[in-house]
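Peer 1: My structure is in upload15.csv, and what it holds is CSV, C-alpha atoms:
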chain,number,residue,atom,x,y,z
A,503,MET,CA,16.8,0.5,40.4
A,504,ALA,CA,19.1,-0.7,37.6
A,505,ARG,CA,19.5,1.9,34.8
A,506,TRP,CA,19.6,-0.9,32.2
A,507,GLU,CA,17.7,-4.1,32.3
A,508,PRO,CA,19.3,-6.8,30.2
A,509,GLY,CA,16.7,-8.2,27.7
A,510,ALA,CA,14.1,-5.6,28.7
A,511,ALA,CA,13.2,-4.6,25.2
A,512,GLU,CA,12.4,-8.3,24.3
A,513,ARG,CA,10.5,-8.9,27.5
A,514,LEU,CA,8.5,-5.7,27.0
A,515,GLN,CA,7.7,-6.7,23.4
A,516,GLN,CA,6.6,-10.2,24.4
A,517,ALA,CA,4.4,-8.8,27.2
A,518,ALA,CA,2.9,-6.1,24.9
A,519,LEU,CA,1.9,-8.7,22.3
A,520,GLU,CA,0.2,-10.8,25.0
A,521,LEU,CA,-1.7,-7.8,26.4
A,522,PHE,CA,-2.6,-6.4,23.0
A,523,ALA,CA,-4.0,-9.9,22.1
A,524,THR,CA,-6.0,-10.4,25.3
A,525,ARG,CA,-7.2,-6.9,26.2
A,526,GLY,CA,-6.9,-5.1,22.8
A,527,PHE,CA,-4.3,-2.5,21.6
A,528,GLU,CA,-6.4,0.5,22.6
A,529,GLN,CA,-7.1,-0.8,26.1
A,530,THR,CA,-3.5,-1.5,27.0
A,531,THR,CA,-1.2,1.2,28.5
A,532,ALA,CA,2.6,1.4,28.5
A,533,THR,CA,2.6,1.3,32.3
A,534,GLU,CA,0.6,-2.0,32.2
A,535,ILE,CA,3.0,-3.5,29.7
A,536,ALA,CA,6.0,-2.6,31.9
A,537,GLN,CA,4.3,-3.7,35.2
A,538,SER,CA,3.3,-7.1,33.7
A,539,VAL,CA,7.0,-8.0,33.5
A,540,GLY,CA,8.1,-6.3,36.7
A,541,LEU,CA,9.5,-3.2,35.0
A,542,THR,CA,8.8,0.5,35.4
A,543,GLU,CA,7.1,2.9,33.0
A,544,ARG,CA,10.5,4.7,32.8
A,545,THR,CA,12.2,1.5,31.6
A,546,PHE,CA,9.5,1.2,28.9
A,547,PHE,CA,10.0,4.7,27.6
A,548,ARG,CA,13.8,4.2,27.6
A,549,HIS,CA,13.2,1.5,24.9
A,550,PHE,CA,10.1,2.7,23.1
A,551,SER,CA,8.6,6.2,22.4
A,552,ASP,CA,5.1,4.8,22.7
A,553,LYS,CA,3.2,1.5,22.7
A,554,ARG,CA,2.8,1.6,18.9
A,555,GLU,CA,6.5,1.6,18.6
A,556,VAL,CA,6.7,-1.8,20.3
A,557,LEU,CA,5.0,-3.2,17.2
A,558,PHE,CA,7.3,-1.4,14.7
A,559,HIS,CA,10.6,-1.6,16.6
A,560,GLY,CA,12.3,-3.9,14.0
A,561,GLN,CA,11.5,-1.7,11.0
A,562,GLN,CA,14.9,-0.3,10.5
A,563,VAL,CA,16.6,-3.7,10.8
A,564,LEU,CA,14.2,-5.1,8.2
A,565,VAL,CA,15.0,-2.2,5.8
A,566,GLU,CA,18.7,-3.0,6.3
A,567,ALA,CA,18.1,-6.7,5.7
A,568,PHE,CA,16.4,-5.9,2.3
A,569,LEU,CA,19.3,-3.5,1.4
A,570,SER,CA,22.1,-5.9,2.4
A,571,GLY,CA,20.4,-8.4,0.1
A,572,VAL,CA,20.6,-5.8,-2.7
A,573,ASP,CA,24.2,-5.2,-2.0
A,574,ALA,CA,25.1,-8.9,-2.0
A,575,ALA,CA,23.6,-9.4,-5.5
A,576,PRO,CA,26.3,-9.7,-8.2
A,577,PRO,CA,26.8,-6.7,-10.4
A,578,GLU,CA,25.4,-8.4,-13.5
A,579,ALA,CA,22.2,-9.5,-11.7
A,580,SER,CA,19.0,-8.2,-13.4
A,581,PRO,CA,16.6,-6.0,-11.3
A,582,ILE,CA,14.3,-9.0,-10.5
A,583,GLU,CA,17.3,-11.1,-9.5
A,584,VAL,CA,18.5,-8.4,-7.2
A,585,VAL,CA,15.0,-8.3,-5.7
A,586,ALA,CA,15.1,-12.1,-5.3
A,587,ALA,CA,18.4,-11.6,-3.3
A,588,ALA,CA,16.8,-8.9,-1.2
A,589,LEU,CA,13.8,-11.2,-0.4
A,590,ARG,CA,16.1,-14.0,0.7
A,591,SER,CA,18.0,-11.6,3.0
A,592,ALA,CA,14.7,-10.2,4.4
A,593,ALA,CA,13.3,-13.8,5.0
A,594,SER,CA,16.4,-14.7,7.1
A,595,PHE,CA,15.2,-12.0,9.5
A,596,PHE,CA,12.1,-14.2,10.2
A,597,PRO,CA,13.3,-17.6,11.3
A,598,ASP,CA,10.6,-20.2,12.1
A,599,GLU,CA,10.9,-19.7,15.8
A,600,HIS,CA,9.6,-16.2,15.3
A,601,ARG,CA,6.5,-17.4,13.4
A,602,SER,CA,4.1,-17.4,16.3
A,603,ARG,CA,5.3,-14.0,17.5
A,604,SER,CA,4.9,-12.6,14.0
A,605,ARG,CA,1.4,-14.1,13.8
A,606,ALA,CA,0.5,-12.5,17.1
A,607,ARG,CA,1.8,-9.1,16.0
A,608,HIS,CA,0.0,-9.3,12.7
A,609,SER,CA,-3.3,-10.2,14.4
A,610,VAL,CA,-3.0,-7.1,16.6
A,611,ILE,CA,-2.3,-4.9,13.6
A,612,ASP,CA,-5.1,-6.4,11.5
A,613,GLN,CA,-7.7,-5.4,14.1
A,614,ASN,CA,-6.7,-1.7,14.2
A,615,PRO,CA,-7.1,0.6,11.1
A,616,ALA,CA,-4.4,3.0,12.2
A,617,LEU,CA,-1.9,0.2,12.8
A,618,ARG,CA,-2.8,-1.3,9.4
A,619,GLU,CA,-2.1,2.0,7.8
A,620,ARG,CA,1.2,2.3,9.6
A,621,GLU,CA,2.1,-1.2,8.4
A,622,ARG,CA,1.2,-0.3,4.8
A,623,HIS,CA,3.3,2.9,5.2
A,624,LYS,CA,6.2,0.7,6.5
A,625,LEU,CA,6.1,-1.5,3.4
A,626,ALA,CA,5.9,1.5,1.1
A,627,SER,CA,9.0,2.9,2.8
A,628,ILE,CA,10.9,-0.4,2.3
A,629,ALA,CA,9.9,-0.4,-1.4
A,630,ALA,CA,11.2,3.1,-1.8
A,631,ALA,CA,14.5,2.2,-0.2
A,632,VAL,CA,14.9,-0.8,-2.4
A,633,ALA,CA,14.1,1.2,-5.5
A,634,ASP,CA,16.7,3.8,-4.5
A,635,ALA,CA,19.3,1.0,-4.0
A,636,LEU,CA,18.4,-0.3,-7.5
A,637,ARG,CA,18.8,3.1,-9.1
A,638,ALA,CA,22.2,3.4,-7.3
A,639,ARG,CA,23.2,0.2,-9.2
A,640,GLY,CA,22.3,1.9,-12.5
A,641,VAL,CA,18.8,0.5,-13.0
A,642,ASP,CA,16.6,3.0,-14.7
A,643,GLU,CA,13.8,4.8,-12.8
A,644,LEU,CA,10.8,2.8,-14.0
A,645,ALA,CA,12.5,-0.6,-13.8
A,646,ALA,CA,13.8,0.2,-10.3
A,647,THR,CA,10.3,1.2,-9.1
A,648,LEU,CA,8.6,-1.7,-10.7
A,649,ALA,CA,11.1,-4.3,-9.5
A,650,ALA,CA,11.1,-2.9,-5.9
A,651,GLU,CA,7.3,-2.7,-5.7
A,652,SER,CA,6.9,-6.2,-7.1
A,653,GLY,CA,9.4,-7.5,-4.5
A,654,ILE,CA,7.3,-5.9,-1.7
A,655,THR,CA,4.1,-7.4,-3.1
A,656,VAL,CA,5.8,-10.8,-3.1
A,657,PHE,CA,7.0,-10.3,0.5
A,658,ARG,CA,3.6,-9.2,1.7
A,659,ILE,CA,1.8,-12.1,0.1
A,660,ALA,CA,4.5,-14.6,1.3
A,661,PHE,CA,4.4,-13.2,4.8
A,662,ALA,CA,0.6,-13.5,5.1
A,663,GLN,CA,1.0,-17.2,4.0
A,664,TRP,CA,3.9,-17.8,6.4
A,665,ILE,CA,1.9,-16.8,9.5
A,666,ARG,CA,-1.1,-19.0,8.6
A,667,GLU,CA,-1.8,-21.6,11.3
A,668,ASP,CA,-1.5,-24.5,8.9
A,669,GLU,CA,1.7,-23.4,7.2
A,670,HIS,CA,5.1,-25.1,8.0
A,671,ARG,CA,7.3,-24.0,5.1
A,672,SER,CA,10.0,-21.3,5.8
A,673,LEU,CA,9.3,-17.7,4.7
A,674,ASP,CA,12.3,-18.1,2.4
A,675,ASP,CA,10.7,-21.0,0.6
A,676,ILE,CA,7.3,-19.4,0.4
A,677,ALA,CA,8.7,-16.1,-1.0
A,678,ALA,CA,10.7,-18.0,-3.6
A,679,GLN,CA,7.5,-19.8,-4.7
A,680,VAL,CA,5.5,-16.6,-4.8
A,681,LEU,CA,8.2,-14.9,-6.9
A,682,ARG,CA,8.3,-17.8,-9.3
A,683,GLU,CA,4.5,-17.7,-9.6
A,684,LEU,CA,4.7,-14.0,-10.5
A,685,LEU,CA,7.4,-14.7,-13.2
A,686,THR,CA,5.3,-17.6,-14.6
A,687,LEU,CA,2.2,-15.4,-14.7
A,688,ALA,CA,4.2,-12.7,-16.6
A,689,ALA,CA,5.7,-15.3,-19.0
A,690,THR,CA,2.2,-16.6,-19.9
A,691,ALA,CA,1.0,-13.1,-20.7
A,692,ALA,CA,4.0,-11.6,-22.3
A,693,PRO,CA,3.5,-12.7,-25.9
A,694,LYS,CA,-0.2,-11.6,-26.0
A,695,ILE,CA,0.1,-8.1,-24.5
A,696,PRO,CA,0.3,-5.6,-27.4
A,697,GLY,CA,3.7,-4.0,-27.7
B,1094,MET,CA,-33.9,27.6,-2.0
B,1095,ALA,CA,-33.8,24.9,-4.6
B,1096,ARG,CA,-33.7,21.4,-3.1
B,1097,TRP,CA,-31.4,20.2,-5.9
B,1098,GLU,CA,-28.7,22.3,-7.6
B,1099,PRO,CA,-27.8,20.9,-11.0
B,1100,GLY,CA,-24.0,20.3,-11.2
B,1101,ALA,CA,-23.6,21.2,-7.5
B,1102,ALA,CA,-21.4,18.2,-6.8
B,1103,GLU,CA,-18.9,19.1,-9.6
B,1104,ARG,CA,-18.9,22.8,-8.6
B,1105,LEU,CA,-18.3,21.8,-4.9
B,1106,GLN,CA,-15.4,19.5,-6.0
B,1107,GLN,CA,-13.8,22.1,-8.1
B,1108,ALA,CA,-14.1,24.7,-5.4
B,1109,ALA,CA,-12.8,22.4,-2.7
B,1110,LEU,CA,-9.7,21.5,-4.8
B,1111,GLU,CA,-8.9,25.2,-5.3
B,1112,LEU,CA,-9.4,26.0,-1.6
B,1113,PHE,CA,-7.4,22.9,-0.4
B,1114,ALA,CA,-4.6,24.0,-2.8
B,1115,THR,CA,-4.5,27.6,-1.7
B,1116,ARG,CA,-5.4,27.4,2.0
B,1117,GLY,CA,-4.5,23.8,2.9
B,1118,PHE,CA,-6.9,20.9,3.5
B,1119,GLU,CA,-7.0,21.3,7.3
B,1120,GLN,CA,-7.7,25.0,7.1
B,1121,THR,CA,-10.7,24.7,4.8
B,1122,THR,CA,-14.2,24.0,6.1
B,1123,ALA,CA,-17.2,22.5,4.3
B,1124,THR,CA,-19.1,25.8,4.8
B,1125,GLU,CA,-16.3,27.8,3.1
B,1126,ILE,CA,-16.3,25.4,0.1
B,1127,ALA,CA,-20.0,25.8,-0.3
B,1128,GLN,CA,-20.0,29.6,0.1
B,1129,SER,CA,-17.2,30.0,-2.4
B,1130,VAL,CA,-19.6,28.8,-5.2
B,1131,GLY,CA,-22.7,30.4,-3.7
B,1132,LEU,CA,-24.1,27.2,-2.2
B,1133,THR,CA,-25.2,26.4,1.3
B,1134,GLU,CA,-23.6,24.1,3.8
B,1135,ARG,CA,-26.8,22.0,3.6
B,1136,THR,CA,-26.2,21.5,-0.1
B,1137,PHE,CA,-22.6,20.5,0.6
B,1138,PHE,CA,-23.8,17.8,3.1
B,1139,ARG,CA,-26.4,16.5,0.7
B,1140,HIS,CA,-23.6,15.5,-1.6
B,1141,PHE,CA,-20.7,14.7,0.7
B,1142,SER,CA,-20.5,13.3,4.2
B,1143,ASP,CA,-17.4,15.5,5.0
B,1144,LYS,CA,-14.7,17.5,3.2
B,1145,ARG,CA,-12.5,14.4,2.9
B,1146,GLU,CA,-15.2,12.6,0.9
B,1147,VAL,CA,-14.9,15.4,-1.8
B,1148,LEU,CA,-11.5,13.9,-2.6
B,1149,PHE,CA,-12.7,10.2,-2.6
B,1150,HIS,CA,-16.1,10.7,-4.2
B,1151,GLY,CA,-15.2,8.7,-7.4
B,1152,GLN,CA,-13.9,5.7,-5.6
B,1153,GLN,CA,-16.8,3.3,-6.3
B,1154,VAL,CA,-17.0,4.3,-9.9
B,1155,LEU,CA,-13.3,3.6,-10.3
B,1156,VAL,CA,-13.7,0.1,-8.7
B,1157,GLU,CA,-16.5,-0.5,-11.1
B,1158,ALA,CA,-14.3,0.6,-14.0
B,1159,PHE,CA,-11.7,-2.0,-13.0
B,1160,LEU,CA,-14.3,-4.7,-12.6
B,1161,SER,CA,-16.0,-4.0,-15.9
B,1162,GLY,CA,-12.6,-4.4,-17.6
B,1163,VAL,CA,-12.3,-7.8,-15.9
B,1164,ASP,CA,-15.7,-8.8,-17.1
B,1165,ALA,CA,-15.0,-7.7,-20.6
B,1166,ALA,CA,-11.9,-9.9,-20.9
B,1167,PRO,CA,-12.5,-13.0,-23.0
B,1168,PRO,CA,-12.8,-16.3,-21.0
B,1169,GLU,CA,-9.5,-17.7,-22.3
B,1170,ALA,CA,-7.5,-14.6,-21.2
B,1171,SER,CA,-4.6,-15.3,-18.7
B,1172,PRO,CA,-4.7,-13.5,-15.4
B,1173,ILE,CA,-2.3,-10.8,-16.5
B,1174,GLU,CA,-4.3,-10.3,-19.7
B,1175,VAL,CA,-7.4,-9.8,-17.6
B,1176,VAL,CA,-5.6,-7.2,-15.5
B,1177,ALA,CA,-4.4,-5.5,-18.7
B,1178,ALA,CA,-8.1,-5.2,-19.7
B,1179,ALA,CA,-9.0,-3.9,-16.2
B,1180,LEU,CA,-6.2,-1.2,-16.6
B,1181,ARG,CA,-7.5,-0.1,-20.0
B,1182,SER,CA,-11.0,0.2,-18.5
B,1183,ALA,CA,-9.8,2.1,-15.5
B,1184,ALA,CA,-7.7,4.4,-17.6
B,1185,SER,CA,-10.8,5.4,-19.7
B,1186,PHE,CA,-12.1,6.9,-16.4
B,1187,PHE,CA,-9.3,9.5,-16.6
B,1188,PRO,CA,-9.5,11.3,-19.9
B,1189,ASP,CA,-6.8,14.0,-20.6
B,1190,GLU,CA,-9.2,16.8,-19.7
B,1191,HIS,CA,-9.2,15.5,-16.1
B,1192,ARG,CA,-5.4,15.5,-15.9
B,1193,SER,CA,-5.0,18.9,-14.2
B,1194,ARG,CA,-7.9,18.1,-11.7
B,1195,SER,CA,-6.3,14.8,-10.9
B,1196,ARG,CA,-2.9,16.5,-10.4
B,1197,ALA,CA,-4.5,19.1,-8.0
B,1198,ARG,CA,-6.2,16.3,-6.1
B,1199,HIS,CA,-3.0,14.3,-5.8
B,1200,SER,CA,-1.1,17.3,-4.6
B,1201,VAL,CA,-3.6,17.9,-1.8
B,1202,ILE,CA,-3.4,14.2,-0.8
B,1203,ASP,CA,0.4,14.1,-1.0
B,1204,GLN,CA,0.7,16.8,1.6
B,1205,ASN,CA,-1.5,15.1,4.3
B,1206,PRO,CA,-0.5,11.8,5.9
B,1207,ALA,CA,-4.1,10.8,6.8
B,1208,LEU,CA,-5.2,11.4,3.2
B,1209,ARG,CA,-2.2,9.5,1.8
B,1210,GLU,CA,-3.2,6.6,4.0
B,1211,ARG,CA,-6.8,6.8,2.8
B,1212,GLU,CA,-5.5,6.8,-0.8
B,1213,ARG,CA,-3.3,3.7,-0.1
B,1214,HIS,CA,-6.3,2.0,1.5
B,1215,LYS,CA,-8.4,2.8,-1.6
B,1216,LEU,CA,-5.9,1.2,-3.9
B,1217,ALA,CA,-5.7,-1.9,-1.6
B,1218,SER,CA,-9.5,-2.2,-1.7
B,1219,ILE,CA,-9.4,-2.1,-5.5
B,1220,ALA,CA,-6.7,-4.8,-5.6
B,1221,ALA,CA,-8.8,-7.0,-3.3
B,1222,ALA,CA,-11.9,-6.5,-5.6
B,1223,VAL,CA,-10.0,-7.3,-8.7
B,1224,ALA,CA,-8.5,-10.4,-7.0
B,1225,ASP,CA,-12.0,-11.5,-6.0
B,1226,ALA,CA,-13.2,-11.1,-9.6
B,1227,LEU,CA,-10.2,-13.1,-10.9
B,1228,ARG,CA,-11.0,-15.9,-8.4
B,1229,ALA,CA,-14.6,-15.8,-9.6
B,1230,ARG,CA,-13.2,-16.5,-13.1
B,1231,GLY,CA,-11.5,-19.7,-11.8
B,1232,VAL,CA,-8.0,-18.2,-11.3
B,1233,ASP,CA,-6.3,-19.8,-8.2
B,1234,GLU,CA,-5.9,-17.9,-5.0
B,1235,LEU,CA,-2.2,-17.0,-5.3
B,1236,ALA,CA,-2.3,-16.1,-9.1
B,1237,ALA,CA,-5.4,-14.0,-8.5
B,1238,THR,CA,-3.8,-12.0,-5.7
B,1239,LEU,CA,-0.5,-11.6,-7.5
B,1240,ALA,CA,-2.0,-10.5,-10.8
B,1241,ALA,CA,-4.4,-8.0,-9.1
B,1242,GLU,CA,-1.7,-6.5,-6.9
B,1243,SER,CA,0.7,-6.2,-9.8
B,1244,GLY,CA,-2.1,-4.4,-11.8
B,1245,ILE,CA,-2.6,-1.9,-9.0
B,1246,THR,CA,1.2,-1.3,-8.8
B,1247,VAL,CA,1.2,-0.6,-12.6
B,1248,PHE,CA,-1.8,1.7,-12.2
B,1249,ARG,CA,-0.2,3.6,-9.3
B,1250,ILE,CA,3.1,4.1,-11.1
B,1251,ALA,CA,1.4,5.0,-14.4
B,1252,PHE,CA,-0.9,7.5,-12.6
B,1253,ALA,CA,2.0,9.2,-10.9
B,1254,GLN,CA,3.6,9.6,-14.3
B,1255,TRP,CA,0.4,10.8,-16.0
B,1256,ILE,CA,0.0,13.7,-13.6
B,1257,ARG,CA,3.5,15.0,-14.1
B,1258,GLU,CA,3.7,18.5,-15.4
B,1259,ASP,CA,5.8,17.5,-18.5
B,1260,GLU,CA,3.7,14.4,-19.4
B,1261,HIS,CA,1.4,14.5,-22.4
B,1262,ARG,CA,0.7,10.8,-23.2
B,1263,SER,CA,-2.7,9.3,-22.1
B,1264,LEU,CA,-3.0,7.3,-19.0
B,1265,ASP,CA,-3.9,4.3,-21.1
B,1266,ASP,CA,-0.7,4.6,-23.1
B,1267,ILE,CA,1.4,5.0,-20.0
B,1268,ALA,CA,-0.2,2.1,-18.2
B,1269,ALA,CA,0.3,-0.2,-21.2
B,1270,GLN,CA,4.0,0.8,-21.3
B,1271,VAL,CA,4.5,0.2,-17.5
B,1272,LEU,CA,2.8,-3.2,-17.8
B,1273,ARG,CA,5.1,-4.1,-20.7
B,1274,GLU,CA,8.1,-3.0,-18.7
B,1275,LEU,CA,7.0,-5.3,-15.9
B,1276,LEU,CA,6.6,-8.2,-18.3
B,1277,THR,CA,10.0,-7.5,-19.8
B,1278,LEU,CA,11.7,-7.4,-16.4
B,1279,ALA,CA,10.1,-10.7,-15.5
B,1280,ALA,CA,11.1,-12.3,-18.8
B,1281,THR,CA,14.7,-11.2,-18.2
B,1282,ALA,CA,14.9,-12.8,-14.8
B,1283,ALA,CA,12.8,-15.9,-15.3
B,1284,PRO,CA,15.5,-18.3,-16.6
B,1285,LYS,CA,17.9,-17.4,-13.8
B,1286,ILE,CA,15.6,-17.6,-10.7
B,1287,PRO,CA,16.0,-21.1,-9.2
B,1288,GLY,CA,12.9,-23.3,-9.5
Show me the file's structure as structure tokens.
Peer 2:
Amino acid sequence: MARWEPGAAERLQQAALELFATRGFEQTTATEIAQSVGLTERTFFRHFSDKREVLFHGQQVLVEAFLSGVDAAPPEASPIEVVAAALRSAASFFPDEHRSRSRARHSVIDQNPALRERERHKLASIAAAVADALRARGVDELAATLAAESGITVFRIAFAQWIREDEHRSLDDIAAQVLRELLTLAATAAPKIPG
Amino acid sequence: MARWEPGAAERLQQAALELFATRGFEQTTATEIAQSVGLTERTFFRHFSDKREVLFHGQQVLVEAFLSGVDAAPPEASPIEVVAAALRSAASFFPDEHRSRSRARHSVIDQNPALRERERHKLASIAAAVADALRARGVDELAATLAAESGITVFRIAFAQWIREDEHRSLDDIAAQVLRELLTLAATAAPKIPG
């Protein structure tokens, strides 16, 4: 048996998504996922600590995509402009050819409370990492937290729209539109909120 | 034995917070909570379905506080102004004399991943309820979601500040300041984000 199967992680992820969708997440075992693509349980566990990790495998890469967007923003960029750069960088992590896979993943997560909670926790961790990166640029505590949390809200709403069956725009375009809508909403309210 | 103990729910909540803080949430049983204030396990379960519910007992009242703020906003109010009214209404649910109790509750939740997840879920439910109420006022789908989610972000950040040991301002004052900061951040970025 080969100690390393080229492309095994991707094949296992694809197989897992199909089995989770047809049989349900709870009813699918790591062994079944491996066997369905002619791999062994041992190969599965060389790539993933458990079947849940198949769904959250890209998390660290996504965090880094947000953070490299923050790093790429010019020094004079305002906190929201930095967040806009982070969103563009994160969106490039989800090209259109991944849309149906992302939709399948999201559908599995949506049907399982523990997975939904894990997904919420993932997004909260990304918001915290972006807020830290903003503070490291000299943005004050409150502005950093607010800008990062708003960025994650925009990402979450844009992502939900991107994976809709009738949606054809790129995630980048949708996220830019959602962010602009947030800025427009804020601009409409600003003069009337008591200072 | 009296079938109804006046003030029993409040006494049980207070006792539970003290036991959770000193012994830990996992190590405390419903029976111990009841016995520590001279009540029976049966009385405990007349008020709460389990010990976790002691911590989330006020959730429905909090949702209603947000929604009555939405209802009280004038018809011409913009989505963010409606959210500002909802925040004021929700803040009135947390007078300063509840600050130390809220701090104790939050400290218990913060130490337990399952309780943190339940708290995140609670806030997500409130955001969804506020977004529904905005849509019922005729606000479009995206604006309603964004305004409601931003309101909950402001609430969460303001609440975390309100329960800090060195904080003396009211939750209402802090939430108003956090919301203004969000609007200021948006106003600074708006002209530079490409349309």
Peer 1: Counting all atoms listed in the file, which residues of chain A come no farther than 6 Å from chain B, as a ChimeraX atom specification?
Peer 2: /A:582,685,688,691-692
Peer 1: What does the distance from CA of Val1201 (chain B) to CA of Glu1260 (chain B) come to in Å, to one decimal?
Peer 2: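 Interatomic distance, CA of Val1201 (chain B) to CA of Glu1260 (chain B): 19.4 Å.
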Peer 1: Taking all atoms of region 684-693 of chain A that appear in the file, build a box with edges along x, y and z, extend it by 8 Å on every side, and state its centre and edge lengths in Å to one decimal, as JSON.
Peer 2:
{"center_x": 4.2, "center_y": -14.6, "center_z": -18.2, "size_x": 22.4, "size_y": 22.0, "size_z": 31.4}
Peer 1: Kindly give the distance, in Å, that separates CA of Phe1187 (chain B) and CA of Leu1264 (chain B), rounded to a single decimal.
Peer 2: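 The value is 7.1 Å.
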Peer 1: Write out as a PyMOL selection string which residues come within 9 Å of region 521-531 of chain A when counting all atoms listed in the file, dropping same-chain ones fewer than 2 positions away.
Peer 2: chain A and resi 516-519+533-536+538+553-554+606-607+609-611+613-614
Peer 1: Write out as a list of chain:residue names which residues come within 6 Å of region 1152-1159 of chain B when counting all atoms listed in the file, dropping same-chain ones fewer than 4 positions away.
Peer 2: B:Ala1179, B:Ser1182, B:Ala1183, B:Ile1219
Peer 1: For Ile1245 (chain B), list every protein, DNA or RNA residue within 7 Å, evaluated using only C-alpha atoms, and leave out those in the same chain fewer than 4 positions away; present the list as number ranges by chain.
Peer 2: B: 1216, 1220, 1241, 1249
Peer 1: Any idea what the distance is between CA of Leu1160 (chain B) and CA of Arg1181 (chain B)?
Peer 2: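 Taking CA of Leu1160 (chain B) as the start and CA of Arg1181 (chain B) as the end point, the length is 11.1 Å.
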Peer 1: Which is closer to Val572 (chain A) than all the others in A:Val539, A:Ile665, A:Glu555, A:Leu589, using only C-alpha atoms?
Peer 2: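 Of all the options, A:Leu589 lies closest to Val572 (chain A).
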Peer 1: Just the residues within 12 Å of Asp668 (chain A), please, counting all atoms listed in the file, with nothing from its chain fewer than 3 positions along; format it as a list in words.
Peer 2: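 These residues fall inside the cut-off: Arg601, Ser602, Arg605, Ala662, Gln663, Trp664, Ile665 and Arg671 of chain A.
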Peer 1: Any chance you could export the current selection's C-alpha atoms as a short mmCIF file (atom, residue, chain, number, x, y, z; two decimals), in the frame of the given file?
Peer 2:
data_model
loop_
_atom_site.label_atom_id
_atom_site.label_comp_id
_atom_site.auth_asym_id
_atom_site.auth_seq_id
_atom_site.Cartn_x
_atom_site.Cartn_y
_atom_site.Cartn_z
CA ARG A 601 6.50 -17.40 13.40
CA SER A 602 4.10 -17.40 16.30
CA ARG A 605 1.40 -14.10 13.80
CA ALA A 662 0.60 -13.50 5.10
CA GLN A 663 1.00 -17.20 4.00
CA TRP A 664 3.90 -17.80 6.40
CA ILE A 665 1.90 -16.80 9.50
CA ARG A 671 7.30 -24.00 5.10
#
Peer 1: Please complete region 525-535 of chain A so it has N, CA, C and O atoms, and hand it over as a PDB file, in the frame of the given file.
Peer 2:
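Result written to rebuild-v4.pdb:
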ATOM      1  N   ARG A 525      -6.333  -8.011  25.807  1.00  0.00           N
ATOM      2  CA  ARG A 525      -7.200  -6.900  26.200  1.00  0.00           C
ATOM      3  C   ARG A 525      -7.503  -5.949  25.004  1.00  0.00           C
ATOM      4  O   ARG A 525      -8.376  -5.095  25.105  1.00  0.00           O
ATOM      5  N   GLY A 526      -6.728  -6.042  23.942  1.00  0.00           N
ATOM      6  CA  GLY A 526      -6.900  -5.100  22.800  1.00  0.00           C
ATOM      7  C   GLY A 526      -5.812  -4.021  22.897  1.00  0.00           C
ATOM      8  O   GLY A 526      -5.371  -3.636  23.985  1.00  0.00           O
ATOM      9  N   PHE A 527      -5.387  -3.543  21.729  1.00  0.00           N
ATOM     10  CA  PHE A 527      -4.300  -2.500  21.600  1.00  0.00           C
ATOM     11  C   PHE A 527      -4.722  -1.246  22.356  1.00  0.00           C
ATOM     12  O   PHE A 527      -3.973  -0.704  23.168  1.00  0.00           O
ATOM     13  N   GLU A 528      -5.913  -0.745  22.050  1.00  0.00           N
ATOM     14  CA  GLU A 528      -6.400   0.500  22.600  1.00  0.00           C
ATOM     15  C   GLU A 528      -6.448   0.500  24.133  1.00  0.00           C
ATOM     16  O   GLU A 528      -6.187   1.492  24.801  1.00  0.00           O
ATOM     17  N   GLN A 529      -6.844  -0.673  24.665  1.00  0.00           N
ATOM     18  CA  GLN A 529      -7.100  -0.800  26.100  1.00  0.00           C
ATOM     19  C   GLN A 529      -5.856  -1.034  26.939  1.00  0.00           C
ATOM     20  O   GLN A 529      -5.941  -1.127  28.162  1.00  0.00           O
ATOM     21  N   THR A 530      -4.706  -1.173  26.291  1.00  0.00           N
ATOM     22  CA  THR A 530      -3.500  -1.500  27.000  1.00  0.00           C
ATOM     23  C   THR A 530      -2.598  -0.250  27.117  1.00  0.00           C
ATOM     24  O   THR A 530      -2.402   0.445  26.121  1.00  0.00           O
ATOM     25  N   THR A 531      -2.064   0.043  28.315  1.00  0.00           N
ATOM     26  CA  THR A 531      -1.200   1.200  28.500  1.00  0.00           C
ATOM     27  C   THR A 531       0.283   0.745  28.577  1.00  0.00           C
ATOM     28  O   THR A 531       0.559  -0.414  28.909  1.00  0.00           O
ATOM     29  N   ALA A 532       1.178   1.669  28.333  1.00  0.00           N
ATOM     30  CA  ALA A 532       2.600   1.400  28.500  1.00  0.00           C
ATOM     31  C   ALA A 532       2.939   0.960  29.892  1.00  0.00           C
ATOM     32  O   ALA A 532       3.744   0.042  30.113  1.00  0.00           O
ATOM     33  N   THR A 533       2.313   1.602  30.862  1.00  0.00           N
ATOM     34  CA  THR A 533       2.600   1.300  32.300  1.00  0.00           C
ATOM     35  C   THR A 533       2.163  -0.196  32.538  1.00  0.00           C
ATOM     36  O   THR A 533       2.896  -0.941  33.211  1.00  0.00           O
ATOM     37  N   GLU A 534       1.003  -0.604  32.035  1.00  0.00           N
ATOM     38  CA  GLU A 534       0.600  -2.000  32.200  1.00  0.00           C
ATOM     39  C   GLU A 534       1.525  -2.997  31.605  1.00  0.00           C
ATOM     40  O   GLU A 534       1.803  -4.049  32.169  1.00  0.00           O
ATOM     41  N   ILE A 535       2.011  -2.651  30.414  1.00  0.00           N
ATOM     42  CA  ILE A 535       3.000  -3.500  29.700  1.00  0.00           C
ATOM     43  C   ILE A 535       4.206  -3.700  30.630  1.00  0.00           C
ATOM     44  O   ILE A 535       4.650  -4.820  30.898  1.00  0.00           O
TER      45      ILE A 535
END
